[in-house]
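See structure below.
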Amino acid sequence: MPKRSPATASRRARSGPAAANRPGKSGVAERLEAHGIQPTAQRVAVAEFVLGTDRHPAAETVLREVRSRLPYVSRATVYNTLRLFVERGLLRQLVLAEGHTVFDPRTEPHHHFIDEETGEILDIPWEALAVEHTDRLPGLDVREYQVVLRGRRRPDRRG
């Protein structure tokens with residue numbers, strides 16, 4: 001069994017209790033390999049965060065989170081890894097506002113709601129909304145669509 005450096009042990013210790021909520025490294029590595037991606041330490045670190053979140057992080061958020069565990073990872077590595085994950089179908093890249101790109105770990109069809117007060121992006125189940133007659137749009141062959149709703153959350157009216 002190979003020896004681990006003190007730096008590796010330190011990084012593992014820093015992952016703390018929150019790491020229990022993320023997929024295990026071997027599971028993440030297997031998932032990457034299943035998509036034809038070589039699971040380097042940097043790619044696994046990016047995958048652990050971005051595939052284990054229910055948020056829609058921007059690339060800079062991913063970089064900040066990954067650097068908290070791997071301080072030496074470069075911006076280019078994180079951005080290239082995100083692009084690779086999108087190309088291989090692990091993530092969806094979304095432009096939900098002008099100049100604001102985020103990454104979505106949910107690749108199955110669904111819609112989004114953007115809270116204009118907080119900027120939070122919420123997933124809306126596909127079946128919650130109906131878009132009809134896309135085949136009747138003159139001169140257009142619709143391949144895919146998603147609905148982006150914008151507004152504010154209603155106050156909780158429970159009891």
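By convention here, the chains of the structure tokens are called A, B, ... in the order presented, each chain's residues are numbered starting at 1, and ligands are numbered starting at 1 in the order presented.
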Could you pull out the residues in range 71-108 of chain A that DSSP calls strand (DSSP E or B) from the backbone, as a PyMOL selection string?
chain A and resi 92-97+100-104
Mind writing the picked residues with N, CA and C atoms as a tab-separated table (two decimals), in the first residue's frame?
chain	number	residue	atom	x	y	z
A	92	ARG	N	-24.89	20.24	-17.02
A	92	ARG	CA	-25.45	21.14	-18.03
A	92	ARG	C	-24.92	22.53	-17.74
A	93	GLN	N	-24.53	23.23	-18.79
A	93	GLN	CA	-24.09	24.62	-18.66
A	93	GLN	C	-25.27	25.49	-19.04
A	94	LEU	N	-25.65	26.42	-18.17
A	94	LEU	CA	-26.82	27.25	-18.39
A	94	LEU	C	-26.46	28.72	-18.35
A	95	VAL	N	-27.01	29.47	-19.28
A	95	VAL	CA	-26.90	30.92	-19.25
A	95	VAL	C	-28.32	31.41	-18.94
A	96	LEU	N	-28.55	31.68	-17.66
A	96	LEU	CA	-29.90	32.05	-17.22
A	96	LEU	C	-30.08	33.56	-17.12
A	97	ALA	N	-28.99	34.29	-17.23
A	97	ALA	CA	-29.03	35.75	-17.25
A	97	ALA	C	-27.84	36.21	-18.08
A	100	HIS	N	-24.09	35.54	-17.16
A	100	HIS	CA	-24.02	34.74	-15.92
A	100	HIS	C	-24.24	33.27	-16.27
A	101	THR	N	-23.15	32.52	-16.30
A	101	THR	CA	-23.20	31.10	-16.63
A	101	THR	C	-23.09	30.29	-15.35
A	102	VAL	N	-23.95	29.28	-15.24
A	102	VAL	CA	-23.91	28.38	-14.08
A	102	VAL	C	-23.90	26.95	-14.58
A	103	PHE	N	-23.60	26.03	-13.66
A	103	PHE	CA	-23.54	24.62	-14.00
A	103	PHE	C	-24.57	23.87	-13.18
A	104	ASP	N	-25.28	22.97	-13.84
A	104	ASP	CA	-26.37	22.24	-13.22
A	104	ASP	C	-26.03	20.75	-13.21
Close residues, range 133-149 of chain A itself excluded, 12 Å, only C-alpha atoms, min 6 positions apart in chain, as number ranges by chain
A: 94-97, 107-116, 120-127
Now that the selection is made, can you save its residues with C-alpha atoms as a tab-separated table (two decimals), in the first residue's frame?
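File written: result24.tsv
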chain	number	residue	atom	x	y	z
A	94	LEU	CA	-26.82	27.25	-18.39
A	95	VAL	CA	-26.90	30.92	-19.25
A	96	LEU	CA	-29.90	32.05	-17.22
A	97	ALA	CA	-29.03	35.75	-17.25
A	107	THR	CA	-29.02	16.58	-16.46
A	108	GLU	CA	-32.56	15.20	-16.73
A	109	PRO	CA	-35.17	17.59	-18.18
A	110	HIS	CA	-36.42	20.21	-15.72
A	111	HIS	CA	-37.11	23.93	-15.59
A	112	HIS	CA	-35.79	26.73	-13.38
A	113	PHE	CA	-37.12	29.52	-11.20
A	114	ILE	CA	-34.85	32.47	-10.41
A	115	ASP	CA	-35.69	34.36	-7.23
A	116	GLU	CA	-35.16	37.99	-8.19
A	120	GLU	CA	-31.27	31.71	-5.93
A	121	ILE	CA	-31.99	29.26	-8.75
A	122	LEU	CA	-34.55	26.58	-7.98
A	123	ASP	CA	-35.28	23.44	-9.96
A	124	ILE	CA	-38.86	23.04	-11.18
A	125	PRO	CA	-40.04	19.53	-12.09
A	126	TRP	CA	-40.50	18.99	-15.81
A	127	GLU	CA	-44.10	17.87	-15.39
Nearest candidate to Arg88 in chain A (options A:Val46, A:Ala34, A:Ala41, A:Leu51; using only C-alpha atoms)
A:Ala34
Contact residues around Glu117 in chain A with only C-alpha atoms at 12 Å, ignoring same-chain residues under 4 positions, as a list in words
Phe113, Ile121, Arg150, Gly151, Arg152, Arg153 and Arg154 of chain A
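Take CA of Asp54 in chain A and CA of Leu91 in chain A: the distance between them is 12.1 Å.
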Write out as a PyMOL selection string the residues lying within 10 Å of range 43-45 of chain A, counting only C-alpha atoms and excluding same-chain residues fewer than 6 positions away.
chain A and resi 24-32+37+51+62+65-67+69-70+73+77-78+80-82+84-85
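Atom pair CA of Phe49 in chain A / CA of Gly99 in chain A: separated by 22.8 Å.
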